[in-house]
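Student: There's a structure below that I have some questions on.
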Amino acid sequence: MSTPCSDPVALGLWHPLAAIEDIPPSSDQHTRLLGQALRYRKDAGNQVAVFDGDRPLPVTQAYGYAWTCLGTPARPLFDLPEYAEPDRRNVCAATVGVRVSAPRAVENFLDMGHFPFVHTGILGVEPHTEVREYRVELNEERDEILATECIFYQPQAAAGASGGIMADYIYRVPHPYCGVLYKSCPTDESRLDVIALFLQPVDEETVRAHALVSVIDSQSSDLDIRLFQQTIFGQDKPILENQLPKRLPLDPRAETPIRADKAAIVYRRWLRAKGLQYGVIPAAA
């Protein structure tokens, strides 16, 4: 049995629990968050309630998912304005259990270098293996990381793609355990597709990874979109589960970065500055 979390930073965050559409009505469901057993239920009006024992917890319903906080929320949940655009296809594409820490999973989400080797023929292919120079900044006012000018060749950038493109990427990390990716839309060059990864830390070395896909795509079915995203998840899962240590080291001397790891370096520095303890190996004093 995992030990409940005592990290005030993690306890003050909003965490995803489940896609609202997947919660059976009027029936208790059970999960774990930060080592704590929780139950939740959805009423006839589609409103979700979450309980720690008999104690009701705060709930936010956003981006197709129910979110809760075990402590006092330090701030509102981050904005994702694209979700409200009326012509977008918003699909809760997958929930997958992975034996890895939430920060390790976020770092993998930021890594373009693995595309040709892990997602061969879809998000990358040899010999197109170079990660070009890109920009990373920490927006202190919004308290989030933004990586821009990310360009990578992709044979099939999305479920609705019909050929290879040089995909433009923007990575956004608005939450220690969540990442948002904006990428070239294969069907409309003026728009960006959105893929969001919302991680539920079951304990320090296990997550439930929830994926939201928000795309401009009038051709693909919801099933097509889900199958595409689940294929990507299925390829990432064994890689993540074989990474050691499972918790993310925050000491800059613990692992040797390369140029392509610029976003990961800023991410680790950001977590250190926050004092986050859950799911990481803290830097030595």
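FYI, nothing fancy with the structure tokens labels: chains A, B, ... in order, residues from 1 per chain, ligands from 1 as they appear.
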Show which residues sit within 9 Å of Val106 (chain A), as a list in words. Count only C-alpha atoms, and ignore same-chain residues fewer than 3 positions away.
Tutor: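 Contacts, in chain order: Ser101, Ala102, Pro103, Phe109, Leu110, Asp111, Val173, Pro176, Tyr177, Cys178, Gly179, Leu197, Leu199, Ala264 and Tyr267 of chain A.
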Student: How many Å lie between CA of Asn90 (chain A) and CA of Glu144 (chain A), rounded to one decimal?
Tutor: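 Distance reported for this atom pair: 23.1 Å.
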Student: So that I can check the secondary structure, give me every residue of region 170-263 of chain A assigned helix (DSSP H, G or I) by backbone DSSP, as a list in words.
Tutor: Asp222, Leu223, Asp224, Ile225, Arg226, Leu227, Phe228, Gln229, Gln230, Thr231, Ile232, Phe233, Gly234, Gln235, Asp236, Lys237, Pro238, Ile239, Leu240, Glu241, Arg259, Ala260, Asp261, Lys262 and Ala263 of chain A
Student: Only N, CA, C and O atoms, please: the residues just picked out, written as a short mmCIF file (atom, residue, chain, number, x, y, z; two decimals), in the first residue's frame.
Tutor:
data_model
loop_
_atom_site.label_atom_id
_atom_site.label_comp_id
_atom_site.auth_asym_id
_atom_site.auth_seq_id
_atom_site.Cartn_x
_atom_site.Cartn_y
_atom_site.Cartn_z
N ASP A 222 -14.63 9.54 -34.22
CA ASP A 222 -14.07 9.54 -32.87
C ASP A 222 -13.24 8.29 -32.63
O ASP A 222 -12.18 8.35 -31.98
N LEU A 223 -13.70 7.16 -33.16
CA LEU A 223 -12.95 5.92 -33.00
C LEU A 223 -11.59 6.01 -33.68
O LEU A 223 -10.57 5.57 -33.11
N ASP A 224 -11.53 6.59 -34.88
CA ASP A 224 -10.25 6.76 -35.57
C ASP A 224 -9.28 7.60 -34.72
O ASP A 224 -8.09 7.27 -34.61
N ILE A 225 -9.80 8.69 -34.16
CA ILE A 225 -8.97 9.59 -33.35
C ILE A 225 -8.47 8.87 -32.11
O ILE A 225 -7.30 8.97 -31.74
N ARG A 226 -9.36 8.10 -31.47
CA ARG A 226 -8.95 7.35 -30.27
C ARG A 226 -7.92 6.29 -30.61
O ARG A 226 -6.93 6.12 -29.88
N LEU A 227 -8.13 5.56 -31.69
CA LEU A 227 -7.19 4.50 -32.04
C LEU A 227 -5.82 5.06 -32.37
O LEU A 227 -4.79 4.46 -32.02
N PHE A 228 -5.77 6.21 -33.04
CA PHE A 228 -4.48 6.83 -33.36
C PHE A 228 -3.75 7.18 -32.07
O PHE A 228 -2.57 6.85 -31.90
N GLN A 229 -4.44 7.83 -31.13
CA GLN A 229 -3.80 8.24 -29.88
C GLN A 229 -3.41 7.03 -29.04
O GLN A 229 -2.36 7.02 -28.39
N GLN A 230 -4.25 6.00 -29.03
CA GLN A 230 -3.94 4.82 -28.24
C GLN A 230 -2.76 4.05 -28.82
O GLN A 230 -1.99 3.42 -28.08
N THR A 231 -2.58 4.12 -30.13
CA THR A 231 -1.38 3.53 -30.75
C THR A 231 -0.12 4.22 -30.24
O THR A 231 0.87 3.58 -29.88
N ILE A 232 -0.16 5.56 -30.19
CA ILE A 232 0.98 6.32 -29.68
C ILE A 232 1.25 5.96 -28.22
O ILE A 232 2.40 5.72 -27.82
N PHE A 233 0.19 5.92 -27.41
CA PHE A 233 0.34 5.55 -26.00
C PHE A 233 0.95 4.16 -25.85
O PHE A 233 1.81 3.93 -25.01
N GLY A 234 0.45 3.23 -26.67
CA GLY A 234 0.95 1.86 -26.59
C GLY A 234 2.43 1.75 -26.90
O GLY A 234 3.13 0.89 -26.35
N GLN A 235 2.93 2.61 -27.78
CA GLN A 235 4.36 2.61 -28.09
C GLN A 235 5.18 3.26 -26.99
O GLN A 235 6.32 2.87 -26.73
N ASP A 236 4.62 4.29 -26.34
CA ASP A 236 5.35 4.98 -25.27
C ASP A 236 5.40 4.18 -23.97
O ASP A 236 6.37 4.28 -23.22
N LYS A 237 4.35 3.43 -23.69
CA LYS A 237 4.20 2.78 -22.38
C LYS A 237 5.40 1.90 -22.01
O LYS A 237 5.97 2.06 -20.91
N PRO A 238 5.87 0.95 -22.85
CA PRO A 238 7.01 0.12 -22.43
C PRO A 238 8.30 0.91 -22.28
O PRO A 238 9.14 0.57 -21.44
N ILE A 239 8.46 1.97 -23.06
CA ILE A 239 9.66 2.81 -22.92
C ILE A 239 9.65 3.48 -21.55
O ILE A 239 10.65 3.48 -20.82
N LEU A 240 8.52 4.07 -21.19
CA LEU A 240 8.40 4.74 -19.90
C LEU A 240 8.60 3.77 -18.74
O LEU A 240 9.28 4.09 -17.76
N GLU A 241 8.03 2.59 -18.86
CA GLU A 241 8.09 1.64 -17.74
C GLU A 241 9.47 1.04 -17.56
O GLU A 241 9.75 0.48 -16.49
N ARG A 259 21.44 18.65 -26.43
CA ARG A 259 20.78 19.86 -26.91
C ARG A 259 19.27 19.67 -27.02
O ARG A 259 18.50 20.59 -26.72
N ALA A 260 18.83 18.50 -27.46
CA ALA A 260 17.41 18.24 -27.64
C ALA A 260 16.64 18.26 -26.33
O ALA A 260 15.41 18.32 -26.34
N ASP A 261 17.33 18.20 -25.20
CA ASP A 261 16.68 18.13 -23.90
C ASP A 261 16.44 19.51 -23.28
O ASP A 261 16.18 19.62 -22.09
N LYS A 262 16.52 20.57 -24.08
CA LYS A 262 16.42 21.93 -23.54
C LYS A 262 15.12 22.11 -22.74
O LYS A 262 15.12 22.69 -21.65
N ALA A 263 13.99 21.62 -23.28
CA ALA A 263 12.71 21.78 -22.57
C ALA A 263 12.72 21.01 -21.26
O ALA A 263 12.20 21.48 -20.23
#
Student: So, counting only C-alpha atoms, which residue among A:Glu189, A:Glu82, A:Asp87, A:Glu21 is closest to Gln47 (chain A)?
Tutor: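 Nearest candidate to Gln47 (chain A) out of A:Glu189, A:Glu82, A:Asp87, A:Glu21: A:Glu21.
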Student: Among region 25-116 of chain A, which residues does DSSP mark as strand (DSSP E or B) when it is run on the backbone? Keep the chain and numbering as in the structure and answer as an NGL selection string.
Tutor: :A and (25 or 29-33 or 36-42 or 48-52 or 55-57 or 59-62 or 65-68 or 89-98)
Student: Let's have the selection written as a short mmCIF file (atom, residue, chain, number, x, y, z; two decimals), in the first residue's frame, with N, CA, C and O atoms.
Tutor:
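Final file, result_37.cif:
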data_model
loop_
_atom_site.label_atom_id
_atom_site.label_comp_id
_atom_site.auth_asym_id
_atom_site.auth_seq_id
_atom_site.Cartn_x
_atom_site.Cartn_y
_atom_site.Cartn_z
N PRO A 25 -23.55 6.73 -14.53
CA PRO A 25 -24.36 7.58 -13.66
C PRO A 25 -24.81 6.85 -12.40
O PRO A 25 -25.09 5.64 -12.42
N GLN A 29 -17.61 5.01 -8.10
CA GLN A 29 -16.40 4.54 -8.76
C GLN A 29 -15.24 4.79 -7.81
O GLN A 29 -15.29 5.68 -6.97
N HIS A 30 -14.17 4.01 -7.98
CA HIS A 30 -13.06 4.09 -7.04
C HIS A 30 -11.74 4.27 -7.80
O HIS A 30 -11.53 3.69 -8.87
N THR A 31 -10.87 5.07 -7.22
CA THR A 31 -9.55 5.29 -7.81
C THR A 31 -8.59 5.68 -6.69
O THR A 31 -8.98 5.74 -5.52
N ARG A 32 -7.34 5.92 -7.06
CA ARG A 32 -6.34 6.39 -6.11
C ARG A 32 -5.67 7.63 -6.67
O ARG A 32 -5.44 7.74 -7.87
N LEU A 33 -5.36 8.54 -5.78
CA LEU A 33 -4.69 9.78 -6.15
C LEU A 33 -3.69 10.13 -5.06
O LEU A 33 -4.06 10.20 -3.88
N GLN A 36 -3.80 8.03 -2.08
CA GLN A 36 -5.02 8.07 -1.27
C GLN A 36 -6.18 7.43 -2.04
O GLN A 36 -6.39 7.73 -3.22
N ALA A 37 -6.96 6.56 -1.38
CA ALA A 37 -8.14 5.96 -1.99
C ALA A 37 -9.27 6.98 -2.03
O ALA A 37 -9.59 7.60 -1.01
N LEU A 38 -9.88 7.15 -3.20
CA LEU A 38 -10.99 8.08 -3.37
C LEU A 38 -12.16 7.36 -4.03
O LEU A 38 -11.99 6.33 -4.71
N ARG A 39 -13.35 7.91 -3.85
CA ARG A 39 -14.50 7.45 -4.61
C ARG A 39 -15.16 8.66 -5.25
O ARG A 39 -15.05 9.78 -4.75
N TYR A 40 -15.82 8.41 -6.37
CA TYR A 40 -16.49 9.50 -7.07
C TYR A 40 -17.74 8.95 -7.76
O TYR A 40 -17.86 7.76 -8.00
N ARG A 41 -18.67 9.86 -8.06
CA ARG A 41 -19.90 9.45 -8.71
C ARG A 41 -20.44 10.61 -9.52
O ARG A 41 -20.13 11.77 -9.26
N LYS A 42 -21.25 10.29 -10.52
CA LYS A 42 -21.88 11.29 -11.39
C LYS A 42 -23.39 11.19 -11.25
O LYS A 42 -23.95 10.09 -11.31
N VAL A 48 -20.24 15.74 -11.15
CA VAL A 48 -19.40 14.76 -10.49
C VAL A 48 -19.09 15.22 -9.07
O VAL A 48 -18.77 16.40 -8.84
N ALA A 49 -19.19 14.29 -8.11
CA ALA A 49 -18.78 14.54 -6.73
C ALA A 49 -17.66 13.57 -6.38
O ALA A 49 -17.66 12.42 -6.82
N VAL A 50 -16.68 14.04 -5.60
CA VAL A 50 -15.52 13.22 -5.23
C VAL A 50 -15.39 13.22 -3.71
O VAL A 50 -15.57 14.27 -3.07
N PHE A 51 -15.05 12.06 -3.14
CA PHE A 51 -14.99 11.92 -1.69
C PHE A 51 -13.71 11.21 -1.26
O PHE A 51 -13.28 10.23 -1.86
N ASP A 52 -13.13 11.73 -0.20
CA ASP A 52 -12.04 11.07 0.52
C ASP A 52 -12.68 10.53 1.79
O ASP A 52 -12.87 11.26 2.76
N ARG A 55 -15.43 12.70 3.40
CA ARG A 55 -15.12 14.11 3.21
C ARG A 55 -15.24 14.48 1.74
O ARG A 55 -14.53 13.95 0.88
N PRO A 56 -16.15 15.41 1.40
CA PRO A 56 -16.24 15.85 0.01
C PRO A 56 -15.03 16.68 -0.38
O PRO A 56 -14.52 17.48 0.42
N LEU A 57 -14.56 16.49 -1.58
CA LEU A 57 -13.41 17.22 -2.09
C LEU A 57 -13.86 18.22 -3.15
O LEU A 57 -14.91 18.04 -3.77
N VAL A 59 -14.24 19.97 -6.69
CA VAL A 59 -14.31 19.37 -8.02
C VAL A 59 -14.35 20.48 -9.06
O VAL A 59 -15.05 21.49 -8.90
N THR A 60 -13.59 20.28 -10.12
CA THR A 60 -13.67 21.10 -11.32
C THR A 60 -13.93 20.16 -12.50
O THR A 60 -13.26 19.14 -12.62
N GLN A 61 -14.90 20.49 -13.33
CA GLN A 61 -15.16 19.73 -14.55
C GLN A 61 -14.70 20.57 -15.72
O GLN A 61 -15.26 21.63 -16.00
N ALA A 62 -13.66 20.10 -16.39
CA ALA A 62 -13.06 20.90 -17.45
C ALA A 62 -12.40 19.99 -18.48
O ALA A 62 -11.80 18.97 -18.13
N TYR A 65 -12.96 16.21 -18.49
CA TYR A 65 -12.53 15.40 -17.35
C TYR A 65 -12.99 16.00 -16.03
O TYR A 65 -13.23 17.21 -15.92
N ALA A 66 -13.13 15.15 -15.04
CA ALA A 66 -13.39 15.57 -13.66
C ALA A 66 -12.05 15.68 -12.94
O ALA A 66 -11.23 14.76 -12.99
N TRP A 67 -11.84 16.81 -12.25
CA TRP A 67 -10.60 17.10 -11.54
C TRP A 67 -10.91 17.33 -10.07
O TRP A 67 -11.98 17.84 -9.72
N THR A 68 -9.96 16.96 -9.21
CA THR A 68 -10.13 17.22 -7.79
C THR A 68 -8.80 17.64 -7.18
O THR A 68 -7.74 17.56 -7.82
N ARG A 89 -13.12 19.13 -32.82
CA ARG A 89 -13.48 17.80 -32.35
C ARG A 89 -12.73 17.58 -31.04
O ARG A 89 -11.51 17.46 -31.03
N ASN A 90 -13.46 17.57 -29.95
CA ASN A 90 -12.86 17.33 -28.63
C ASN A 90 -13.13 15.89 -28.24
O ASN A 90 -14.28 15.51 -28.01
N VAL A 91 -12.08 15.09 -28.16
CA VAL A 91 -12.22 13.66 -27.89
C VAL A 91 -11.35 13.28 -26.69
O VAL A 91 -10.13 13.51 -26.69
N CYS A 92 -11.99 12.73 -25.66
CA CYS A 92 -11.23 12.11 -24.56
C CYS A 92 -10.74 10.78 -25.10
O CYS A 92 -11.49 9.81 -25.17
N ALA A 93 -9.47 10.76 -25.51
CA ALA A 93 -9.00 9.70 -26.39
C ALA A 93 -8.52 8.45 -25.69
O ALA A 93 -8.51 7.37 -26.30
N ALA A 94 -8.09 8.55 -24.44
CA ALA A 94 -7.54 7.36 -23.79
C ALA A 94 -7.27 7.65 -22.32
O ALA A 94 -7.02 8.79 -21.92
N THR A 95 -7.33 6.59 -21.53
CA THR A 95 -6.80 6.60 -20.17
C THR A 95 -5.99 5.31 -20.02
O THR A 95 -6.53 4.22 -20.20
N VAL A 96 -4.70 5.47 -19.74
CA VAL A 96 -3.79 4.33 -19.71
C VAL A 96 -2.99 4.35 -18.41
O VAL A 96 -2.43 5.38 -18.04
N GLY A 97 -2.94 3.22 -17.73
CA GLY A 97 -2.10 3.10 -16.55
C GLY A 97 -0.66 2.83 -16.94
O GLY A 97 -0.40 1.99 -17.82
N VAL A 98 0.27 3.55 -16.32
CA VAL A 98 1.69 3.39 -16.65
C VAL A 98 2.47 3.37 -15.34
O VAL A 98 2.26 4.22 -14.48
#
Student: I'd like a table as JSON lines: residues in region 208-248 of chain A with an atom no more than 12 Å from region 16-19 of chain A, each row giving the shortest atom pair and its distance in Å to one decimal, only C-alpha atoms counted, sorted by chain and rising residue number.
Tutor:
{"residue": "A:Arg208", "atom": "CA", "partner": "A:Leu17", "partner_atom": "CA", "distance": 8.3}
{"residue": "A:Ala209", "atom": "CA", "partner": "A:Pro16", "partner_atom": "CA", "distance": 9.1}
{"residue": "A:His210", "atom": "CA", "partner": "A:Ala18", "partner_atom": "CA", "distance": 7.6}
{"residue": "A:Ala211", "atom": "CA", "partner": "A:Ala19", "partner_atom": "CA", "distance": 9.3}
{"residue": "A:Leu212", "atom": "CA", "partner": "A:Ala19", "partner_atom": "CA", "distance": 9.3}
Student: Excluding Val9 (chain A) and its own-chain neighbours fewer than 5 positions away, which residues fall within 12 Å of it when counting only C-alpha atoms? Please give them as a JSON list (two decimals) with N, CA and C atoms, in the first residue's frame.
Tutor:
[["chain", "number", "residue", "atom", "x", "y", "z"],
["A", 14, "TRP", "N", -4.72, 20.76, -8.84],
["A", 14, "TRP", "CA", -5.87, 20.04, -9.40],
["A", 14, "TRP", "C", -5.36, 18.81, -10.14],
["A", 34, "LEU", "N", -2.44, 10.32, -5.44],
["A", 34, "LEU", "CA", -1.39, 10.67, -4.48],
["A", 34, "LEU", "C", -1.35, 9.68, -3.31],
["A", 69, "CYS", "N", -8.87, 18.09, -5.93],
["A", 69, "CYS", "CA", -7.69, 18.55, -5.19],
["A", 69, "CYS", "C", -7.80, 18.00, -3.77],
["A", 70, "LEU", "N", -6.73, 17.37, -3.30],
["A", 70, "LEU", "CA", -6.76, 16.79, -1.95],
["A", 70, "LEU", "C", -6.55, 17.82, -0.86],
["A", 71, "GLY", "N", -5.98, 18.98, -1.20],
["A", 71, "GLY", "CA", -5.77, 20.04, -0.22],
["A", 71, "GLY", "C", -6.62, 21.25, -0.56],
["A", 72, "THR", "N", -6.03, 22.41, -0.38],
["A", 72, "THR", "CA", -6.66, 23.66, -0.80],
["A", 72, "THR", "C", -6.06, 24.08, -2.13],
["A", 73, "PRO", "N", -6.87, 24.23, -3.17],
["A", 73, "PRO", "CA", -6.30, 24.56, -4.48],
["A", 73, "PRO", "C", -5.47, 25.85, -4.42],
["A", 74, "ALA", "N", -4.24, 25.76, -4.89],
["A", 74, "ALA", "CA", -3.35, 26.92, -4.86],
["A", 74, "ALA", "C", -3.72, 27.95, -5.91],
["A", 75, "ARG", "N", -4.38, 27.51, -6.99],
["A", 75, "ARG", "CA", -4.78, 28.40, -8.08],
["A", 75, "ARG", "C", -5.83, 27.69, -8.92],
["A", 175, "HIS", "N", 1.24, 23.04, -15.79],
["A", 175, "HIS", "CA", 0.93, 22.31, -14.56],
["A", 175, "HIS", "C", 2.05, 21.28, -14.39],
["A", 176, "PRO", "N", 2.54, 21.05, -13.18],
["A", 176, "PRO", "CA", 3.66, 20.11, -13.02],
["A", 176, "PRO", "C", 3.41, 18.72, -13.57],
["A", 177, "TYR", "N", 2.14, 18.31, -13.66],
["A", 177, "TYR", "CA", 1.82, 16.96, -14.12],
["A", 177, "TYR", "C", 0.98, 16.95, -15.40],
["A", 271, "LEU", "N", 10.43, 22.64, -11.59],
["A", 271, "LEU", "CA", 9.97, 21.80, -10.47],
["A", 271, "LEU", "C", 10.80, 22.04, -9.23],
["A", 272, "ARG", "N", 12.13, 22.19, -9.39],
["A", 272, "ARG", "CA", 12.99, 22.48, -8.23],
["A", 272, "ARG", "C", 12.58, 23.80, -7.58],
["A", 273, "ALA", "N", 12.33, 24.82, -8.39],
["A", 273, "ALA", "CA", 11.96, 26.13, -7.86],
["A", 273, "ALA", "C", 10.63, 26.08, -7.12],
["A", 274, "LYS", "N", 9.73, 25.22, -7.55],
["A", 274, "LYS", "CA", 8.44, 25.07, -6.88],
["A", 274, "LYS", "C", 8.56, 24.31, -5.56],
["A", 275, "GLY", "N", 9.64, 23.55, -5.41],
["A", 275, "GLY", "CA", 9.79, 22.71, -4.23],
["A", 275, "GLY", "C", 8.98, 21.43, -4.31],
["A", 276, "LEU", "N", 8.61, 21.01, -5.52],
["A", 276, "LEU", "CA", 7.84, 19.77, -5.67],
["A", 276, "LEU", "C", 8.65, 18.57, -5.19],
["A", 277, "GLN", "N", 8.01, 17.70, -4.42],
["A", 277, "GLN", "CA", 8.67, 16.52, -3.87],
["A", 277, "GLN", "C", 8.09, 15.21, -4.42],
["A", 278, "TYR", "N", 6.83, 15.23, -4.83],
["A", 278, "TYR", "CA", 6.12, 14.00, -5.15],
["A", 278, "TYR", "C", 6.43, 13.54, -6.58],
["A", 279, "GLY", "N", 6.99, 12.35, -6.69],
["A", 279, "GLY", "CA", 7.32, 11.79, -7.99],
["A", 279, "GLY", "C", 8.69, 12.17, -8.51]]
Student: Quick one: pull the distance between CA of Ala196 (chain A) and CA of Trp270 (chain A), Å, one decimal.
Tutor: 19.5 Å
Student: Name the closest residue to Asp28 (chain A) among the candidates A:Asp43, A:Glu137, A:Ser214, A:Ile265; distances are taken between atoms, counting only C-alpha atoms.
Tutor: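 Among the listed residues, the smallest separation from Asp28 (chain A) belongs to A:Asp43.
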Student: Please measure the separation of CA of Ile145 (chain A) and CA of Glu107 (chain A), giving the value in Å to one decimal.
Tutor: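 A separation of 12.1 Å between them.
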